[in-house]
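Novice: Can you keep this structure in mind? I'll have questions shortly.
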2 protein chains.
Amino acid sequence: MKVIRNIAELRQEIGLMRQANPTREASVGLVPTMGYLHEGHASLMHAAKQQSDIVVLSIFVNPIQFGPNEDFDSYPRDEARDVETARTQGVDIVFIPTVAEMYPQPTQTTVSVSRLTNRLCGASRPGHFDGVTTVVSKLFNIVQPQRAFFGMKDAQQVAVIQQMVNDLNMPVEIVPCPIVREQDGLALSSRNVYLSAEDRQEALVLSKALRAAQEAVDTRHDTTAADIRRILRENIARSSRAVIDYAEIQAFPSLEPLADQEKVHGRDDLLIALAVKFGKTRLIDNTRLQTTEVMSHV
Amino acid sequence: MKVIRNIAELRQEIGLMRQANPTREASVGLVPTMGYLHEGHASLMHAAKQQSDIVVLSIFVNPIQFGPNEDFDSYPRDEARDVETARTQGVDIVFIPTVAEMYPQPTQTTVSVSRLTNRLCGASRPGHFDGVTTVVSKLFNIVQPQRAFFGMKDAQQVAVIQQMVNDLNMPVEIVPCPIVREQDGLALSSRNVYLSAEDRQEALVLSKALRAAQEAVDTRHDTTAADIRRILRENIARSSRAVIDYAEIQAFPSLEPLADQEKVHGRDDLLIALAVKFGKTRLIDNTRLQTTEVMSHV
């Protein structure tokens, strides 16, 4: 496994690796991350390994996707451990550029997706998704992968990036991968390290709220979007520490919100998404609603 | 030569042509145009032919780079003649997509370059350059050329696209090509067909103004930016039909305007640029200032 910090060197190395397979062009899978890798990232690398000949993991805490009062400086970093994780997962190249390598000058060019980015995380993090789509465009242009792997934990990010790829005809397939959770249900996140032991326990209301919403749909065919929103809020309110940013149900990937009276049973395009603060730590979680066919009595 | 209207088919054909050369990867040169081809475009195809194994010419009148009161509908088109011109120039593939092929849905994604686009043509054509950078991004992603050829007639466009390529690490080399002029000095443009015989004659003030500015620099070392601006305006004013949009001198490619008192001799990074209306027809022209060393008396 190679650790590369320089764009030109990365391009050269990928070119050599692709040529090394003379019978056919080797395919490249990219896993873009901000590092401080956990089992969620490992599952992305695993998927990339299965679907690609060459796996490139990028680790870059991208300053332009953080707001002025967000946690760019304090975002957790552990390069040595990340490199070991990558090695264990069979990654071929770890790309760890500096900010100066990625932005030798402040970028004058921005890639932005409208509509999809106005809601949910976009509403409370203005400019965040422009930073994401701009840096992902750069990484796609640098690595030129055939496939790129993203976690569904950031479901809105997946929707935004897929929209960008469609609109700009980018020659890459976006592969969304399922959320990985702790045994007790907490979705894995690099930001979980911010949580106190107490908040870590309180944060379980997120996955419980999602499960409660799913159960409501499983047991009652006439469950409406308003019911889902109420169930989410009631469950999250069981933690006195939790401050809701949003608790929403919408179509996926369009992210069009459902009207309160809309029934959710029988639809397979719905996403329930949460953002909740515990102290200074903002956690997100979500689930695609499953609408299993319930046998009707005949 | 193949004429292709479909993105998937174009990608397949380019892939086949590149593979047809087994000893080395064939290079692709892209000439993006809006059609109604003239000798200026022919010079781009010629340069592309010299520097590439496979030449792709795209013809697409891109609606999103036209303002609501601009000439999208009336922009001149002559596909049959364009295809013949391409054939004569040895083009391998002409790509002529419909608007529906390029924008099956209205694009939610925009690529925009700031600063460089606020001035000159950007000031009088708001949103124009966003339309250009977005469609050029799409064409780059569809064709994946090693080199793309642009005329210096649209000098600001060249600067904006180069900035985009740098900022987003696009894997393509931008090759700017010199302006091609009629014998009497008029810069070739598809929009010249809009000109009445009288305005066609009056429009010569543009190239004359540029030459007069160049002569001033050649003969007087202390020529300032203010002198250049005055010379340009005086020369253009010789046509009573000419309405100046801008007549400017700035650094290239930064497009930073020069202060009035700045001397221009000895600098090799200067661009004089004009936009002038004759009736409804807006013409642009420009020149890179040459600062030939004048022998001093010893």
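Residues are referred to by chain and number: the chain letter is A, B, ... according to the order shown in the structure tokens, the number counts from 1 in that chain, and ligands are numbered separately from 1 in the order shown.
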Please identify every residue of chain A that has at least one atom no farther than 6 Å from an atom of chain B, counting only C-alpha atoms, and for each give the shortest atom pair and the distance in Å to one decimal, arranged by chain then increasing number, as CSV.

Specialist:
residue,atom,partner,partner_atom,distance
A:Thr107,CA,B:Asp167,CA,5.6
A:Gln108,CA,B:Ser114,CA,5.2
A:Thr109,CA,B:Val113,CA,4.3
A:Thr110,CA,B:Ser112,CA,5.4
A:Val111,CA,B:Val111,CA,4.5
A:Ser112,CA,B:Thr110,CA,5.4
A:Val113,CA,B:Thr109,CA,4.3
A:Ser114,CA,B:Gln108,CA,5.3
A:Lys138,CA,B:Leu168,CA,4.7
A:Asn141,CA,B:Met170,CA,5.2
A:Met164,CA,B:Thr109,CA,5.7
A:Asp167,CA,B:Thr107,CA,5.6
A:Leu168,CA,B:Lys138,CA,4.7
A:Asn169,CA,B:Lys138,CA,5.6
A:Met170,CA,B:Asn141,CA,5.2

Novice: Could you save those same residues with C-alpha atoms as a compact mmCIF listing (two decimals), in the first residue's frame?

Specialist:
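So the final result, stored in part.txt, reads:
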# COMPACT_ATOMS: atom_id res chain seq x y z
CA THR A 107 -10.74 28.35 -5.13
CA GLN A 108 -12.57 30.77 -7.41
CA THR A 109 -14.58 27.89 -8.82
CA THR A 110 -17.55 26.39 -7.03
CA VAL A 111 -19.72 23.45 -8.00
CA SER A 112 -23.13 23.89 -6.45
CA VAL A 113 -26.36 21.94 -6.50
CA SER A 114 -29.55 23.91 -5.88
CA LYS A 138 -11.76 17.82 -7.48
CA ASN A 141 -10.94 14.78 -11.49
CA MET A 164 -24.22 16.52 -9.51
CA ASP A 167 -26.30 16.93 -14.21
CA LEU A 168 -22.62 17.21 -15.16
CA ASN A 169 -22.37 13.81 -16.90
CA MET A 170 -19.50 12.81 -14.63

Novice: Leaving out Asp245 of chain A and any residue of its chain fewer than 5 positions from it, which residues lie within 12 Å of it when counting only C-alpha atoms, given as an NGL selection string?

Specialist: :A and (119-125 or 233 or 236 or 273-278 or 281-285)

Novice: Select from segment 200-289 of chain B everything DSSP, run on the backbone, classes as strand (DSSP E or B), then give the selection as a PDB file with all heavy atoms, in the first residue's frame.

Specialist:
ATOM      1  N   THR B 224       0.286  55.199 -20.782  1.00  0.00           N
ATOM      2  CA  THR B 224      -0.377  54.689 -19.572  1.00  0.00           C
ATOM      3  C   THR B 224      -1.675  53.967 -19.952  1.00  0.00           C
ATOM      4  O   THR B 224      -2.158  54.062 -21.086  1.00  0.00           O
ATOM      5  CB  THR B 224      -0.738  55.838 -18.613  1.00  0.00           C
ATOM      6  OG1 THR B 224      -1.688  56.686 -19.286  1.00  0.00           O
ATOM      7  CG2 THR B 224       0.491  56.642 -18.225  1.00  0.00           C
ATOM      8  N   ALA B 242     -21.440  53.109 -33.439  1.00  0.00           N
ATOM      9  CA  ALA B 242     -20.859  52.256 -32.387  1.00  0.00           C
ATOM     10  C   ALA B 242     -21.278  52.719 -30.995  1.00  0.00           C
ATOM     11  O   ALA B 242     -21.182  53.901 -30.675  1.00  0.00           O
ATOM     12  CB  ALA B 242     -19.336  52.266 -32.498  1.00  0.00           C
ATOM     13  N   VAL B 243     -21.756  51.785 -30.187  1.00  0.00           N
ATOM     14  CA  VAL B 243     -22.065  52.062 -28.777  1.00  0.00           C
ATOM     15  C   VAL B 243     -21.184  51.157 -27.932  1.00  0.00           C
ATOM     16  O   VAL B 243     -21.302  49.922 -27.982  1.00  0.00           O
ATOM     17  CB  VAL B 243     -23.557  51.807 -28.466  1.00  0.00           C
ATOM     18  CG1 VAL B 243     -23.851  52.071 -26.991  1.00  0.00           C
ATOM     19  CG2 VAL B 243     -24.445  52.660 -29.356  1.00  0.00           C
ATOM     20  N   ILE B 244     -20.278  51.793 -27.162  1.00  0.00           N
ATOM     21  CA  ILE B 244     -19.293  51.011 -26.412  1.00  0.00           C
ATOM     22  C   ILE B 244     -19.928  50.360 -25.191  1.00  0.00           C
ATOM     23  O   ILE B 244     -20.603  51.026 -24.407  1.00  0.00           O
ATOM     24  CB  ILE B 244     -18.115  51.916 -25.972  1.00  0.00           C
ATOM     25  CG1 ILE B 244     -17.350  52.409 -27.209  1.00  0.00           C
ATOM     26  CG2 ILE B 244     -17.172  51.169 -25.026  1.00  0.00           C
ATOM     27  CD1 ILE B 244     -16.204  53.361 -26.885  1.00  0.00           C
ATOM     28  N   ASP B 245     -19.713  49.061 -25.048  1.00  0.00           N
ATOM     29  CA  ASP B 245     -20.055  48.372 -23.807  1.00  0.00           C
ATOM     30  C   ASP B 245     -18.849  48.470 -22.863  1.00  0.00           C
ATOM     31  O   ASP B 245     -18.967  48.940 -21.737  1.00  0.00           O
ATOM     32  CB  ASP B 245     -20.439  46.921 -24.121  1.00  0.00           C
ATOM     33  CG  ASP B 245     -20.833  46.124 -22.901  1.00  0.00           C
ATOM     34  OD1 ASP B 245     -20.738  46.654 -21.776  1.00  0.00           O
ATOM     35  OD2 ASP B 245     -21.226  44.953 -23.049  1.00  0.00           O
ATOM     36  N   TYR B 246     -17.676  48.050 -23.361  1.00  0.00           N
ATOM     37  CA  TYR B 246     -16.434  48.314 -22.617  1.00  0.00           C
ATOM     38  C   TYR B 246     -15.274  48.451 -23.592  1.00  0.00           C
ATOM     39  O   TYR B 246     -15.321  47.944 -24.729  1.00  0.00           O
ATOM     40  CB  TYR B 246     -16.152  47.234 -21.557  1.00  0.00           C
ATOM     41  CG  TYR B 246     -16.000  45.819 -22.072  1.00  0.00           C
ATOM     42  CD1 TYR B 246     -14.845  45.397 -22.729  1.00  0.00           C
ATOM     43  CD2 TYR B 246     -17.015  44.874 -21.875  1.00  0.00           C
ATOM     44  CE1 TYR B 246     -14.702  44.100 -23.184  1.00  0.00           C
ATOM     45  CE2 TYR B 246     -16.881  43.565 -22.328  1.00  0.00           C
ATOM     46  CZ  TYR B 246     -15.731  43.189 -22.985  1.00  0.00           C
ATOM     47  OH  TYR B 246     -15.589  41.906 -23.442  1.00  0.00           O
ATOM     48  N   ALA B 247     -14.248  49.171 -23.170  1.00  0.00           N
ATOM     49  CA  ALA B 247     -12.999  49.323 -23.922  1.00  0.00           C
ATOM     50  C   ALA B 247     -11.925  49.411 -22.861  1.00  0.00           C
ATOM     51  O   ALA B 247     -11.667  50.458 -22.282  1.00  0.00           O
ATOM     52  CB  ALA B 247     -13.039  50.583 -24.780  1.00  0.00           C
ATOM     53  N   GLU B 248     -11.298  48.256 -22.563  1.00  0.00           N
ATOM     54  CA  GLU B 248     -10.542  48.133 -21.323  1.00  0.00           C
ATOM     55  C   GLU B 248      -9.151  47.553 -21.530  1.00  0.00           C
ATOM     56  O   GLU B 248      -8.878  46.885 -22.522  1.00  0.00           O
ATOM     57  CB  GLU B 248     -11.316  47.230 -20.346  1.00  0.00           C
ATOM     58  CG  GLU B 248     -12.174  47.977 -19.349  1.00  0.00           C
ATOM     59  CD  GLU B 248     -11.334  48.865 -18.433  1.00  0.00           C
ATOM     60  OE1 GLU B 248     -10.087  48.749 -18.422  1.00  0.00           O
ATOM     61  OE2 GLU B 248     -11.923  49.691 -17.717  1.00  0.00           O
ATOM     62  N   ILE B 249      -8.300  47.826 -20.568  1.00  0.00           N
ATOM     63  CA  ILE B 249      -6.983  47.182 -20.534  1.00  0.00           C
ATOM     64  C   ILE B 249      -6.812  46.544 -19.156  1.00  0.00           C
ATOM     65  O   ILE B 249      -7.112  47.158 -18.133  1.00  0.00           O
ATOM     66  CB  ILE B 249      -5.846  48.170 -20.859  1.00  0.00           C
ATOM     67  CG1 ILE B 249      -4.490  47.437 -20.795  1.00  0.00           C
ATOM     68  CG2 ILE B 249      -5.874  49.400 -19.938  1.00  0.00           C
ATOM     69  CD1 ILE B 249      -3.353  48.221 -21.444  1.00  0.00           C
ATOM     70  N   GLN B 250      -6.377  45.301 -19.155  1.00  0.00           N
ATOM     71  CA  GLN B 250      -6.238  44.567 -17.900  1.00  0.00           C
ATOM     72  C   GLN B 250      -5.145  43.509 -18.035  1.00  0.00           C
ATOM     73  O   GLN B 250      -4.724  43.191 -19.135  1.00  0.00           O
ATOM     74  CB  GLN B 250      -7.547  43.876 -17.512  1.00  0.00           C
ATOM     75  CG  GLN B 250      -8.129  42.976 -18.589  1.00  0.00           C
ATOM     76  CD  GLN B 250      -9.064  43.730 -19.500  1.00  0.00           C
ATOM     77  OE1 GLN B 250      -9.997  44.369 -19.035  1.00  0.00           O
ATOM     78  NE2 GLN B 250      -8.803  43.710 -20.800  1.00  0.00           N
ATOM     79  N   ALA B 251      -4.755  42.985 -16.884  1.00  0.00           N
ATOM     80  CA  ALA B 251      -3.801  41.873 -16.893  1.00  0.00           C
ATOM     81  C   ALA B 251      -4.517  40.632 -17.412  1.00  0.00           C
ATOM     82  O   ALA B 251      -5.726  40.491 -17.292  1.00  0.00           O
ATOM     83  CB  ALA B 251      -3.254  41.634 -15.492  1.00  0.00           C
ATOM     84  N   PRO B 257      -8.021  44.937 -13.651  1.00  0.00           N
ATOM     85  CA  PRO B 257      -7.904  46.161 -14.428  1.00  0.00           C
ATOM     86  C   PRO B 257      -6.656  46.952 -14.023  1.00  0.00           C
ATOM     87  O   PRO B 257      -6.232  46.906 -12.867  1.00  0.00           O
ATOM     88  CB  PRO B 257      -9.166  46.939 -14.064  1.00  0.00           C
ATOM     89  CG  PRO B 257      -9.640  46.362 -12.775  1.00  0.00           C
ATOM     90  CD  PRO B 257      -9.174  44.942 -12.731  1.00  0.00           C
ATOM     91  N   LYS B 263       1.868  52.445 -16.265  1.00  0.00           N
ATOM     92  CA  LYS B 263       2.536  52.360 -17.563  1.00  0.00           C
ATOM     93  C   LYS B 263       2.385  50.940 -18.116  1.00  0.00           C
ATOM     94  O   LYS B 263       2.387  49.978 -17.352  1.00  0.00           O
ATOM     95  CB  LYS B 263       4.012  52.703 -17.397  1.00  0.00           C
ATOM     96  CG  LYS B 263       4.244  54.134 -16.932  1.00  0.00           C
ATOM     97  CD  LYS B 263       5.240  54.834 -17.804  1.00  0.00           C
ATOM     98  CE  LYS B 263       5.506  56.283 -17.404  1.00  0.00           C
ATOM     99  NZ  LYS B 263       4.907  56.763 -16.150  1.00  0.00           N
ATOM    100  N   LEU B 270      -0.620  41.790 -20.714  1.00  0.00           N
ATOM    101  CA  LEU B 270      -1.751  42.718 -20.822  1.00  0.00           C
ATOM    102  C   LEU B 270      -2.682  42.351 -21.970  1.00  0.00           C
ATOM    103  O   LEU B 270      -2.254  41.923 -23.045  1.00  0.00           O
ATOM    104  CB  LEU B 270      -1.249  44.148 -20.998  1.00  0.00           C
ATOM    105  CG  LEU B 270      -0.409  44.675 -19.824  1.00  0.00           C
ATOM    106  CD1 LEU B 270       0.007  46.119 -20.081  1.00  0.00           C
ATOM    107  CD2 LEU B 270      -1.165  44.550 -18.500  1.00  0.00           C
ATOM    108  N   LEU B 271      -3.970  42.550 -21.732  1.00  0.00           N
ATOM    109  CA  LEU B 271      -5.005  42.303 -22.737  1.00  0.00           C
ATOM    110  C   LEU B 271      -5.828  43.578 -22.909  1.00  0.00           C
ATOM    111  O   LEU B 271      -6.294  44.150 -21.926  1.00  0.00           O
ATOM    112  CB  LEU B 271      -5.919  41.171 -22.260  1.00  0.00           C
ATOM    113  CG  LEU B 271      -7.080  40.813 -23.204  1.00  0.00           C
ATOM    114  CD1 LEU B 271      -6.609  39.848 -24.287  1.00  0.00           C
ATOM    115  CD2 LEU B 271      -8.252  40.202 -22.419  1.00  0.00           C
ATOM    116  N   ILE B 272      -5.974  44.007 -24.156  1.00  0.00           N
ATOM    117  CA  ILE B 272      -6.919  45.080 -24.456  1.00  0.00           C
ATOM    118  C   ILE B 272      -8.169  44.409 -25.005  1.00  0.00           C
ATOM    119  O   ILE B 272      -8.071  43.572 -25.912  1.00  0.00           O
ATOM    120  CB  ILE B 272      -6.383  46.052 -25.523  1.00  0.00           C
ATOM    121  CG1 ILE B 272      -4.930  46.422 -25.247  1.00  0.00           C
ATOM    122  CG2 ILE B 272      -7.224  47.310 -25.564  1.00  0.00           C
ATOM    123  CD1 ILE B 272      -4.372  47.350 -26.316  1.00  0.00           C
ATOM    124  N   ALA B 273      -9.312  44.774 -24.470  1.00  0.00           N
ATOM    125  CA  ALA B 273     -10.531  44.084 -24.878  1.00  0.00           C
ATOM    126  C   ALA B 273     -11.663  45.067 -25.102  1.00  0.00           C
ATOM    127  O   ALA B 273     -11.813  46.049 -24.354  1.00  0.00           O
ATOM    128  CB  ALA B 273     -10.943  43.056 -23.816  1.00  0.00           C
ATOM    129  N   LEU B 274     -12.449  44.786 -26.130  1.00  0.00           N
ATOM    130  CA  LEU B 274     -13.539  45.669 -26.544  1.00  0.00           C
ATOM    131  C   LEU B 274     -14.842  44.880 -26.653  1.00  0.00           C
ATOM    132  O   LEU B 274     -14.837  43.724 -27.074  1.00  0.00           O
ATOM    133  CB  LEU B 274     -13.261  46.246 -27.939  1.00  0.00           C
ATOM    134  CG  LEU B 274     -11.933  46.942 -28.185  1.00  0.00           C
ATOM    135  CD1 LEU B 274     -11.810  47.280 -29.666  1.00  0.00           C
ATOM    136  CD2 LEU B 274     -11.831  48.184 -27.323  1.00  0.00           C
ATOM    137  N   ALA B 275     -15.931  45.533 -26.289  1.00  0.00           N
ATOM    138  CA  ALA B 275     -17.265  45.043 -26.653  1.00  0.00           C
ATOM    139  C   ALA B 275     -18.043  46.266 -27.113  1.00  0.00           C
ATOM    140  O   ALA B 275     -18.143  47.267 -26.389  1.00  0.00           O
ATOM    141  CB  ALA B 275     -17.952  44.368 -25.474  1.00  0.00           C
ATOM    142  N   VAL B 276     -18.573  46.197 -28.324  1.00  0.00           N
ATOM    143  CA  VAL B 276     -19.213  47.358 -28.951  1.00  0.00           C
ATOM    144  C   VAL B 276     -20.477  46.888 -29.652  1.00  0.00           C
ATOM    145  O   VAL B 276     -20.475  45.854 -30.323  1.00  0.00           O
ATOM    146  CB  VAL B 276     -18.258  48.021 -29.972  1.00  0.00           C
ATOM    147  CG1 VAL B 276     -18.929  49.211 -30.651  1.00  0.00           C
ATOM    148  CG2 VAL B 276     -16.965  48.453 -29.289  1.00  0.00           C
ATOM    149  N   LYS B 277     -21.531  47.658 -29.480  1.00  0.00           N
ATOM    150  CA  LYS B 277     -22.784  47.324 -30.156  1.00  0.00           C
ATOM    151  C   LYS B 277     -22.977  48.149 -31.414  1.00  0.00           C
ATOM    152  O   LYS B 277     -22.702  49.361 -31.423  1.00  0.00           O
ATOM    153  CB  LYS B 277     -23.963  47.569 -29.201  1.00  0.00           C
ATOM    154  CG  LYS B 277     -24.220  46.414 -28.248  1.00  0.00           C
ATOM    155  CD  LYS B 277     -25.565  46.585 -27.539  1.00  0.00           C
ATOM    156  CE  LYS B 277     -26.138  45.245 -27.140  1.00  0.00           C
ATOM    157  NZ  LYS B 277     -27.486  45.361 -26.544  1.00  0.00           N
ATOM    158  N   PHE B 278     -23.442  47.478 -32.459  1.00  0.00           N
ATOM    159  CA  PHE B 278     -23.900  48.142 -33.683  1.00  0.00           C
ATOM    160  C   PHE B 278     -25.354  47.726 -33.850  1.00  0.00           C
ATOM    161  O   PHE B 278     -25.628  46.581 -34.223  1.00  0.00           O
ATOM    162  CB  PHE B 278     -23.059  47.717 -34.879  1.00  0.00           C
ATOM    163  CG  PHE B 278     -21.624  48.143 -34.771  1.00  0.00           C
ATOM    164  CD1 PHE B 278     -20.705  47.349 -34.108  1.00  0.00           C
ATOM    165  CD2 PHE B 278     -21.199  49.368 -35.295  1.00  0.00           C
ATOM    166  CE1 PHE B 278     -19.389  47.740 -33.986  1.00  0.00           C
ATOM    167  CE2 PHE B 278     -19.866  49.768 -35.170  1.00  0.00           C
ATOM    168  CZ  PHE B 278     -18.958  48.951 -34.503  1.00  0.00           C
ATOM    169  N   THR B 281     -26.518  44.186 -32.635  1.00  0.00           N
ATOM    170  CA  THR B 281     -25.411  43.225 -32.700  1.00  0.00           C
ATOM    171  C   THR B 281     -24.255  43.679 -31.823  1.00  0.00           C
ATOM    172  O   THR B 281     -23.726  44.778 -31.992  1.00  0.00           O
ATOM    173  CB  THR B 281     -24.922  43.068 -34.146  1.00  0.00           C
ATOM    174  OG1 THR B 281     -26.040  42.701 -34.961  1.00  0.00           O
ATOM    175  CG2 THR B 281     -23.846  41.999 -34.241  1.00  0.00           C
ATOM    176  N   ARG B 282     -23.881  42.803 -30.905  1.00  0.00           N
ATOM    177  CA  ARG B 282     -22.786  43.102 -29.987  1.00  0.00           C
ATOM    178  C   ARG B 282     -21.555  42.333 -30.458  1.00  0.00           C
ATOM    179  O   ARG B 282     -21.576  41.108 -30.571  1.00  0.00           O
ATOM    180  CB  ARG B 282     -23.187  42.667 -28.581  1.00  0.00           C
ATOM    181  CG  ARG B 282     -22.204  42.976 -27.472  1.00  0.00           C
ATOM    182  CD  ARG B 282     -22.831  42.574 -26.136  1.00  0.00           C
ATOM    183  NE  ARG B 282     -21.929  42.748 -25.013  1.00  0.00           N
ATOM    184  CZ  ARG B 282     -20.985  41.867 -24.670  1.00  0.00           C
ATOM    185  NH1 ARG B 282     -20.812  40.791 -25.378  1.00  0.00           N
ATOM    186  NH2 ARG B 282     -20.209  42.105 -23.616  1.00  0.00           N
ATOM    187  N   LEU B 283     -20.493  43.081 -30.757  1.00  0.00           N
ATOM    188  CA  LEU B 283     -19.251  42.445 -31.213  1.00  0.00           C
ATOM    189  C   LEU B 283     -18.190  42.576 -30.130  1.00  0.00           C
ATOM    190  O   LEU B 283     -18.155  43.577 -29.409  1.00  0.00           O
ATOM    191  CB  LEU B 283     -18.748  43.123 -32.496  1.00  0.00           C
ATOM    192  CG  LEU B 283     -19.681  43.080 -33.707  1.00  0.00           C
ATOM    193  CD1 LEU B 283     -19.029  43.793 -34.890  1.00  0.00           C
ATOM    194  CD2 LEU B 283     -20.030  41.637 -34.083  1.00  0.00           C
ATOM    195  N   ILE B 284     -17.328  41.570 -30.042  1.00  0.00           N
ATOM    196  CA  ILE B 284     -16.185  41.674 -29.140  1.00  0.00           C
ATOM    197  C   ILE B 284     -14.911  41.473 -29.945  1.00  0.00           C
ATOM    198  O   ILE B 284     -14.905  40.843 -31.006  1.00  0.00           O
ATOM    199  CB  ILE B 284     -16.241  40.669 -27.971  1.00  0.00           C
ATOM    200  CG1 ILE B 284     -16.315  39.215 -28.479  1.00  0.00           C
ATOM    201  CG2 ILE B 284     -17.408  40.972 -27.045  1.00  0.00           C
ATOM    202  CD1 ILE B 284     -16.221  38.171 -27.375  1.00  0.00           C
ATOM    203  N   ASP B 285     -13.833  42.046 -29.436  1.00  0.00           N
ATOM    204  CA  ASP B 285     -12.523  41.876 -30.061  1.00  0.00           C
ATOM    205  C   ASP B 285     -11.484  42.163 -28.979  1.00  0.00           C
ATOM    206  O   ASP B 285     -11.802  42.768 -27.943  1.00  0.00           O
ATOM    207  CB  ASP B 285     -12.348  42.830 -31.253  1.00  0.00           C
ATOM    208  CG  ASP B 285     -11.246  42.365 -32.212  1.00  0.00           C
ATOM    209  OD1 ASP B 285     -10.507  41.418 -31.870  1.00  0.00           O
ATOM    210  OD2 ASP B 285     -11.131  42.975 -33.290  1.00  0.00           O
ATOM    211  N   ASN B 286     -10.271  41.693 -29.205  1.00  0.00           N
ATOM    212  CA  ASN B 286      -9.228  41.945 -28.202  1.00  0.00           C
ATOM    213  C   ASN B 286      -7.878  41.684 -28.811  1.00  0.00           C
ATOM    214  O   ASN B 286      -7.761  41.089 -29.901  1.00  0.00           O
ATOM    215  CB  ASN B 286      -9.447  41.043 -26.974  1.00  0.00           C
ATOM    216  CG  ASN B 286      -9.151  39.586 -27.283  1.00  0.00           C
ATOM    217  OD1 ASN B 286      -7.993  39.165 -27.342  1.00  0.00           O
ATOM    218  ND2 ASN B 286     -10.197  38.800 -27.534  1.00  0.00           N
ATOM    219  N   THR B 287      -6.839  42.112 -28.111  1.00  0.00           N
ATOM    220  CA  THR B 287      -5.488  41.738 -28.495  1.00  0.00           C
ATOM    221  C   THR B 287      -4.625  41.687 -27.255  1.00  0.00           C
ATOM    222  O   THR B 287      -4.829  42.426 -26.294  1.00  0.00           O
ATOM    223  CB  THR B 287      -4.901  42.740 -29.519  1.00  0.00           C
ATOM    224  OG1 THR B 287      -3.685  42.209 -30.045  1.00  0.00           O
ATOM    225  CG2 THR B 287      -4.596  44.088 -28.889  1.00  0.00           C
ATOM    226  N   ARG B 288      -3.690  40.732 -27.256  1.00  0.00           N
ATOM    227  CA  ARG B 288      -2.631  40.738 -26.245  1.00  0.00           C
ATOM    228  C   ARG B 288      -1.663  41.822 -26.659  1.00  0.00           C
ATOM    229  O   ARG B 288      -1.228  41.872 -27.822  1.00  0.00           O
ATOM    230  CB  ARG B 288      -1.916  39.380 -26.212  1.00  0.00           C
ATOM    231  CG  ARG B 288      -2.765  38.240 -25.689  1.00  0.00           C
ATOM    232  CD  ARG B 288      -3.080  38.396 -24.216  1.00  0.00           C
ATOM    233  NE  ARG B 288      -1.886  38.368 -23.386  1.00  0.00           N
ATOM    234  CZ  ARG B 288      -1.337  37.253 -22.896  1.00  0.00           C
ATOM    235  NH1 ARG B 288      -1.870  36.070 -23.154  1.00  0.00           N
ATOM    236  NH2 ARG B 288      -0.255  37.313 -22.141  1.00  0.00           N
TER     237      ARG B 288
END

Novice: How many Å separate atom CA of Val205 of chain A from atom CA of Asn192 of chain A?

Specialist: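 Between atom CA of Val205 of chain A and atom CA of Asn192 of chain A the gap works out to 14.2 Å.
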
Novice: Quick one: residues within 6 Å of segment 34-39 of chain B, only C-alpha atoms, excluding same-chain residues fewer than 4 positions away - as a ChimeraX atom specification?

Specialist: /B:59-61,77-78,82,190

Novice: Which one is closest to Phe150 of chain A: A:Asp227, A:Asp53, A:Val28, A:Glu173? Count only C-alpha atoms.

Specialist: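 Answer, going by the shortest atom-to-atom distance: A:Glu173.
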
Novice: Would you please give, as a ChimeraX atom specification, all residues of segment 136-249 of chain B that DSSP assigns to helix (DSSP H, G or I) based on the backbone?

Specialist: /B:136-143,152-168,190-194,197-202,204-219,225-236

Novice: Please compute the atom CA of Gln156 of chain A-atom CA of Asp130 of chain A distance, one decimal, in Å.

Specialist: 12.7 Å

Novice: Could you pull the residues within 12 Å of Gln89 of chain B, counting only C-alpha atoms, minus those fewer than 5 positions along the same chain, as a ChimeraX atom specification?

Specialist: /B:1,31,37-39,41-50,55-57,82-84,94

Novice: Which distance in Å separates atom CA of Thr85 of chain B and atom CA of Gly151 of chain B, to one decimal?

Specialist: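 One can read the atom CA of Thr85 of chain B to atom CA of Gly151 of chain B distance as 17.0 Å.
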
Novice: For Phe129 of chain B, which residue among B:Ala159, B:Val180, B:Gln65, B:Ala26 is the nearest when counting only C-alpha atoms?

Specialist: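 The closest residue to Phe129 of chain B is B:Gln65.
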